[in-house]
$ cat input.txt   # compact mmCIF, C-alpha atoms
# COMPACT_ATOMS: atom_id res chain seq x y z
CA MET A 1 -23.95 -25.92 76.92
CA GLU A 2 -27.64 -25.11 77.10
CA VAL A 3 -28.89 -22.16 75.09
CA PRO A 4 -30.99 -19.74 77.16
CA ILE A 5 -34.40 -19.01 75.66
CA LEU A 6 -35.90 -15.69 76.71
CA ARG A 7 -39.43 -14.57 76.16
CA GLN A 8 -40.05 -11.04 75.02
CA GLY A 9 -43.68 -10.21 74.37
CA GLN A 10 -44.89 -12.53 71.65
CA TYR A 11 -41.40 -13.63 70.71
CA LEU A 12 -38.88 -16.16 71.89
CA ILE A 13 -35.22 -15.23 71.70
CA ALA A 14 -32.60 -17.99 71.75
CA SER A 15 -29.22 -16.43 72.25
CA ILE A 16 -26.37 -18.81 71.52
CA GLN A 17 -23.47 -18.03 73.86
CA SER A 18 -20.70 -20.35 72.73
CA ALA A 19 -19.77 -23.20 70.41
CA LEU A 20 -22.46 -25.87 70.36
CA THR A 21 -22.23 -29.61 69.94
CA ASP A 22 -24.66 -31.45 67.68
CA ALA A 23 -26.55 -32.60 70.78
CA ASP A 24 -26.82 -29.00 72.01
CA LEU A 25 -28.24 -27.94 68.66
CA SER A 26 -30.78 -30.76 68.64
CA HIS A 27 -31.76 -29.88 72.18
CA LEU A 28 -32.24 -26.24 71.20
CA ARG A 29 -34.51 -27.29 68.34
CA GLU A 30 -36.70 -29.38 70.63
CA ALA A 31 -36.81 -26.79 73.40
CA LEU A 32 -37.79 -24.02 70.98
CA ILE A 33 -40.53 -25.99 69.28
CA ALA A 34 -41.99 -27.05 72.62
CA GLN A 35 -41.89 -23.50 73.91
CA VAL A 36 -43.53 -22.04 70.82
CA GLY A 37 -46.63 -24.00 71.79
CA ARG A 38 -46.41 -23.47 75.53
CA SER A 39 -46.01 -19.72 75.31
CA ARG A 40 -48.18 -19.31 72.21
CA CYS A 41 -45.59 -17.10 70.68
CA ARG A 42 -45.68 -15.73 67.16
CA GLY A 43 -42.01 -15.29 66.46
CA VAL A 44 -38.65 -16.88 67.17
CA ILE A 45 -35.27 -15.22 66.97
CA VAL A 46 -32.13 -17.36 66.97
CA ASP A 47 -29.08 -15.21 67.62
CA VAL A 48 -25.98 -16.93 66.22
CA THR A 49 -23.58 -14.01 66.71
CA ALA A 50 -21.39 -16.14 68.99
CA LEU A 51 -21.09 -19.04 66.55
CA ASP A 52 -17.69 -18.96 64.86
CA VAL A 53 -18.42 -21.89 62.54
CA MET A 54 -21.59 -23.22 60.96
CA ASP A 55 -21.27 -26.58 59.33
CA SER A 56 -23.88 -28.67 57.55
CA PHE A 57 -25.42 -29.97 60.76
CA ALA A 58 -25.82 -26.51 62.28
CA VAL A 59 -27.34 -25.11 59.10
CA ARG A 60 -29.74 -28.03 58.77
CA THR A 61 -30.81 -27.68 62.40
CA LEU A 62 -31.51 -23.95 61.99
CA ARG A 63 -33.52 -24.69 58.86
CA ASP A 64 -35.47 -27.38 60.74
CA ILE A 65 -36.19 -24.97 63.59
CA ALA A 66 -37.60 -22.40 61.16
CA HIS A 67 -39.74 -24.91 59.30
CA MET A 68 -41.02 -26.63 62.43
CA ALA A 69 -41.81 -23.32 64.14
CA ARG A 70 -43.74 -22.24 61.03
CA LEU A 71 -45.81 -25.40 61.25
CA ARG A 72 -46.58 -24.40 64.83
CA GLY A 73 -47.63 -20.90 63.75
CA ALA A 74 -44.49 -18.92 64.50
CA GLU A 75 -42.09 -17.11 62.19
CA THR A 76 -38.36 -17.57 62.72
CA VAL A 77 -35.54 -15.22 61.93
CA ILE A 78 -31.83 -16.01 62.24
CA VAL A 79 -29.73 -13.05 63.31
CA GLY A 80 -26.01 -12.35 63.61
CA ILE A 81 -24.33 -14.60 61.03
CA GLN A 82 -20.73 -13.40 61.06
CA PRO A 83 -18.95 -12.46 57.82
CA ASP A 84 -16.43 -15.32 58.08
CA VAL A 85 -19.21 -17.77 58.82
CA ALA A 86 -21.17 -16.58 55.77
CA PHE A 87 -18.02 -16.95 53.66
CA ALA A 88 -17.47 -20.55 54.78
CA MET A 89 -21.16 -21.43 54.38
CA VAL A 90 -21.17 -20.25 50.79
CA GLN A 91 -17.99 -22.20 50.04
CA LEU A 92 -19.52 -25.30 51.62
CA GLY A 93 -22.59 -24.86 49.45
CA LEU A 94 -24.88 -24.46 52.45
CA THR A 95 -27.92 -22.24 52.20
CA LEU A 96 -30.67 -21.19 54.54
CA LYS A 97 -33.20 -21.14 51.73
CA GLY A 98 -36.68 -20.34 52.96
CA VAL A 99 -35.36 -19.03 56.27
CA ALA A 100 -35.32 -15.33 57.11
CA THR A 101 -31.94 -13.93 58.09
CA VAL A 102 -31.18 -10.37 59.15
CA LEU A 103 -28.14 -8.56 60.45
CA ASP A 104 -28.75 -8.31 64.18
CA LEU A 105 -31.21 -8.63 67.04
CA GLU A 106 -32.69 -5.18 66.53
CA GLU A 107 -33.47 -5.92 62.90
CA GLY A 108 -34.76 -9.33 63.89
CA LEU A 109 -37.33 -7.74 66.20
CA ALA A 110 -38.32 -5.25 63.51
CA PHE A 111 -38.65 -8.07 60.99
CA LEU A 112 -40.94 -10.08 63.27
CA ASP A 113 -43.01 -6.99 64.08
CA GLY A 114 -43.56 -6.57 60.37
CA ARG A 115 -44.40 -10.21 59.79
CA THR A 116 -46.66 -10.84 62.74
CA LYS A 117 -48.55 -7.54 62.84
CA GLY A 118 -52.31 -7.67 62.48
CA GLY A 119 -53.49 -8.94 65.87
CA LEU A 120 -55.61 -12.07 66.11
CA GLY A 121 -55.22 -14.41 63.21
CA GLY A 122 -52.45 -12.23 61.86
CA GLY A 123 -49.81 -14.94 61.55
CA ALA A 124 -47.58 -15.06 58.52
CA PHE A 125 -49.80 -17.61 56.82
CA ASP A 126 -53.00 -15.71 57.45
CA LYS A 127 -51.42 -12.69 55.90
CA SER A 128 -50.98 -14.40 52.58
CA ARG A 129 -54.53 -15.70 52.76
CA ARG A 130 -56.00 -12.28 53.36
CA PRO A 131 -58.51 -11.50 50.59
CA PRO A 132 -57.52 -8.86 48.04
CA SER A 133 -60.26 -6.60 49.39
CA GLY A 134 -58.28 -6.17 52.61
CA PRO A 135 -56.31 -3.06 53.47
CA PRO A 136 -53.58 -2.27 50.98
CA ARG A 137 -50.10 -3.30 51.98
CA GLY A 138 -46.66 -1.88 51.40
CA MET B 1 7.45 -28.09 62.19
CA GLY B 2 7.29 -31.73 63.19
CA ASP B 3 4.63 -30.98 65.73
CA GLU B 4 1.36 -32.71 65.30
CA LEU B 5 -1.75 -32.72 67.35
CA ARG B 6 -3.64 -35.98 67.63
CA LEU B 7 -7.26 -35.69 68.63
CA PRO B 8 -9.50 -38.64 69.39
CA ILE B 9 -12.99 -38.37 67.93
CA ALA B 10 -15.57 -40.39 69.83
CA ALA B 11 -18.29 -37.94 70.88
CA ASP B 12 -19.81 -34.74 69.57
CA VAL B 13 -17.76 -32.62 72.00
CA ASP B 14 -14.67 -33.97 70.23
CA VAL B 15 -15.95 -32.49 66.97
CA VAL B 16 -16.10 -29.05 68.60
CA GLU B 17 -12.63 -29.53 70.12
CA ALA B 18 -11.15 -30.63 66.78
CA ARG B 19 -12.46 -27.63 64.89
CA GLN B 20 -11.34 -25.23 67.61
CA GLN B 21 -7.83 -26.74 67.62
CA GLY B 22 -7.84 -26.60 63.83
CA ARG B 23 -8.72 -22.94 63.87
CA ALA B 24 -5.96 -22.25 66.39
CA LEU B 25 -3.41 -24.08 64.25
CA ALA B 26 -4.57 -22.24 61.12
CA ALA B 27 -4.04 -18.98 63.01
CA VAL B 28 -0.48 -20.06 63.87
CA ALA B 29 0.11 -20.81 60.18
CA GLY B 30 -0.94 -17.26 59.37
CA PHE B 31 -4.29 -17.90 57.71
CA SER B 32 -6.81 -15.05 57.68
CA SER B 33 -9.79 -15.34 60.00
CA GLY B 34 -12.00 -16.18 57.00
CA GLU B 35 -9.70 -19.04 56.04
CA GLN B 36 -9.48 -20.18 59.66
CA THR B 37 -13.27 -20.49 59.63
CA VAL B 38 -13.19 -22.43 56.36
CA ILE B 39 -10.62 -24.86 57.80
CA ALA B 40 -12.63 -25.24 61.01
CA ALA B 41 -15.77 -26.00 58.98
CA ALA B 42 -13.96 -28.64 56.91
CA ILE B 43 -12.67 -30.31 60.09
CA SER B 44 -16.16 -30.25 61.54
CA GLU B 45 -17.55 -32.08 58.51
CA ILE B 46 -14.97 -34.87 58.45
CA ALA B 47 -15.01 -35.26 62.24
CA ARG B 48 -18.77 -35.69 62.13
CA ASN B 49 -18.36 -38.23 59.35
CA ILE B 50 -16.16 -40.30 61.67
CA LEU B 51 -18.83 -40.18 64.38
CA MET B 52 -21.68 -41.02 62.03
CA TYR B 53 -20.11 -43.90 60.17
CA ALA B 54 -17.26 -45.28 62.26
CA LYS B 55 -18.33 -44.14 65.77
CA LYS B 56 -14.73 -43.35 66.63
CA GLY B 57 -11.44 -42.41 65.08
CA GLU B 58 -8.70 -39.86 65.21
CA ILE B 59 -7.83 -36.56 63.60
CA THR B 60 -4.24 -35.41 63.31
CA LEU B 61 -3.51 -31.75 62.70
CA SER B 62 -0.12 -30.47 61.62
CA LEU B 63 1.64 -27.57 59.99
CA VAL B 64 3.14 -28.31 56.60
CA GLN B 65 5.50 -26.48 54.30
CA ASN B 66 6.06 -26.69 50.57
CA GLY B 67 8.90 -24.48 49.45
CA ASP B 68 7.99 -21.11 50.87
CA ARG B 69 4.32 -21.92 51.21
CA GLN B 70 2.87 -22.73 54.55
CA GLY B 71 -0.24 -24.73 55.18
CA VAL B 72 -2.13 -27.06 57.44
CA SER B 73 -2.66 -30.77 57.04
CA ILE B 74 -5.60 -32.64 58.49
CA VAL B 75 -5.68 -36.41 58.51
CA ALA B 76 -8.78 -38.24 59.68
CA VAL B 77 -8.43 -41.96 60.33
CA ASP B 78 -11.03 -44.47 61.38
CA GLN B 79 -11.42 -48.23 61.47
CA GLY B 80 -15.06 -48.05 60.50
CA PRO B 81 -17.00 -49.81 57.75
CA GLY B 82 -15.24 -47.98 54.93
CA ILE B 83 -16.90 -46.26 51.99
CA PRO B 84 -18.19 -48.73 49.39
CA ASP B 85 -18.70 -46.15 46.66
CA ILE B 86 -16.34 -43.21 47.05
CA GLU B 87 -17.52 -41.59 43.83
CA ARG B 88 -21.07 -41.41 45.13
CA ALA B 89 -19.97 -40.36 48.60
CA MET B 90 -18.24 -37.40 46.98
CA GLN B 91 -21.43 -36.31 45.23
CA TYR B 92 -23.04 -33.30 46.76
CA GLY B 93 -26.36 -34.17 48.37
CA TYR B 94 -25.72 -37.91 48.57
CA SER B 95 -26.01 -39.40 52.05
CA THR B 96 -26.62 -42.83 53.52
CA SER B 97 -27.23 -41.48 57.01
CA HIS B 98 -30.04 -38.92 56.72
CA GLY B 99 -27.40 -36.22 56.60
CA VAL B 100 -27.51 -33.39 54.11
CA GLY B 101 -24.81 -35.02 52.00
CA ALA B 102 -22.57 -31.98 52.33
CA GLY B 103 -19.90 -33.59 54.51
CA LEU B 104 -17.21 -34.99 52.24
CA PRO B 105 -17.94 -32.95 49.11
CA GLY B 106 -18.31 -29.85 51.27
CA ALA B 107 -14.96 -30.42 52.97
CA LYS B 108 -13.35 -31.02 49.58
CA ARG B 109 -14.66 -27.70 48.30
CA LEU B 110 -13.18 -25.93 51.28
CA MET B 111 -9.68 -27.38 51.03
CA ASP B 112 -6.94 -27.24 48.39
CA GLU B 113 -6.05 -30.91 48.54
CA PHE B 114 -8.37 -33.72 49.44
CA GLU B 115 -7.79 -37.46 49.28
CA VAL B 116 -9.95 -40.35 50.40
CA ASP B 117 -8.48 -43.75 50.97
CA SER B 118 -11.04 -46.29 52.07
CA VAL B 119 -11.19 -50.06 52.30
CA VAL B 120 -14.55 -51.65 52.98
CA GLY B 121 -14.46 -53.45 56.30
CA HIS B 122 -11.19 -51.82 57.33
CA GLY B 123 -11.70 -48.12 57.54
CA THR B 124 -11.20 -44.76 55.95
CA THR B 125 -8.39 -42.22 55.86
CA ILE B 126 -9.05 -38.71 54.63
CA THR B 127 -6.10 -36.43 54.06
CA MET B 128 -6.70 -32.78 53.33
CA LYS B 129 -4.52 -29.71 53.12
CA LYS B 130 -4.95 -26.03 52.76
CA TRP B 131 -2.19 -23.71 51.62
CA ARG B 132 -1.78 -20.06 52.35
CA ARG B 133 -2.13 -17.89 49.31
CA ALA B 134 1.21 -16.56 48.14
CA ILE B 135 1.75 -13.02 49.35

$ encode --input "input.txt" --output "structure tokens"
Amino acid sequence: MEVPILRQGQYLIASIQSALTDADLSHLREALIAQVGRSRCRGVIVDVTALDVMDSFAVRTLRDIAHMARLRGAETVIVGIQPDVAFAMVQLGLTLKGVATVLDLEEGLAFLDGRTKGGLGGGAFDKSRRPPSGPPRG
Amino acid sequence: MGDELRLPIAADVDVVEARQQGRALAAVAGFSSGEQTVIAAAISEIARNILMYAKKGEITLSLVQNGDRQGVSIVAVDQGPGIPDIERAMQYGYSTSHGVGAGLPGAKRLMDEFEVDSVVGHGTTITMKKWRRAI
């Protein structure tokens, strides 16, 4: 089952529709990373609302997507982790440390808007490098 | 009660099938949706372990009863290489296959009973059970 990847402005949105095999997840990772470069996008949203289980492989793949996308200049946010899925993840000892997660797609878009704002050179990494003399934040 | 469901595990689609069947069985046993997810996640981990280490095997799902408690039993059998050091394999974060090392210890955390029986060169049998909380 291939995961459709939509482009919206500067963002890519991967909306998982059904249970995924390990191969599907790996394919999603590769497709997203390739497309981050091709479409020069600044943000990636992976919508996992339809996933009813996340095991260690799924969690690792999502973490890899976020880290690889960051190396390619894009921020990733995972949206839609269901309550039962969160419960099982915590019991399994799985974390998405270093990966942004928000409640739903709407918040995901707002999150990326906040992180990628600032026009040219305004990627997440540039933001932290901005000299202290820059405009005050927050 | 004697019903059991035997599922061959030989490809990654079988892992998805096994966890979906496990969830369905857990629902029949009356587990909450949170517990169904936990059981499905545990099945996913041990099914993937079969694929990674033994290439193929079988998972048997069944309903079990102990007095007035109802539960599910999951038995995973393979004729793979076996686990040379079970103690290490049960350590969180230990993996010989570039995995995250959450498979066996993770599944154990999720279930109430968990047993590994492995003979190097002959294969591995993992038996795990989860019981419904008394009402």

$ residues_around --input "input.txt" --residues "region 4-13 of chain B" --least-positions-apart "3" --cutoff "12 Å" --atoms "only C-alpha atoms" --output "PyMOL selection string"
(chain A and resi 1+19-26+57) or (chain B and resi 1+16-22+24-25+43-64+72-79)

$ interface_residues --input "input.txt" --of "chain A" --to "chain B" --cutoff "9 Å" --atoms "all atoms listed in the file" --output "PyMOL selection string"
chain A and resi 19-23+52-57+60+83-85+87-89+91-94

$ atom_distance --input "input.txt" --atom1 "CA of Pro4 (chain A)" --atom2 "CA of Arg70 (chain A)"
20.7 Å

$ residues_near_point --input "input.txt" --point "(-26.1, -22.0, 72.5)" --cutoff "6 Å" --atoms "all atoms listed in the file" --output "PDB file with C-alpha atoms, in the coordinates of the input"
ATOM      1  CA  GLU A   2     -27.640 -25.110  77.100  1.00  0.00           C
ATOM      2  CA  VAL A   3     -28.890 -22.160  75.090  1.00  0.00           C
ATOM      3  CA  ILE A  16     -26.370 -18.810  71.520  1.00  0.00           C
ATOM      4  CA  GLN A  17     -23.470 -18.030  73.860  1.00  0.00           C
ATOM      5  CA  SER A  18     -20.700 -20.350  72.730  1.00  0.00           C
ATOM      6  CA  LEU A  20     -22.460 -25.870  70.360  1.00  0.00           C
TER       7      LEU A  20
END

$ atom_distance --input "input.txt" --atom1 "CA of Arg69 (chain B)" --atom2 "CA of Asp117 (chain B)"
25.3 Å
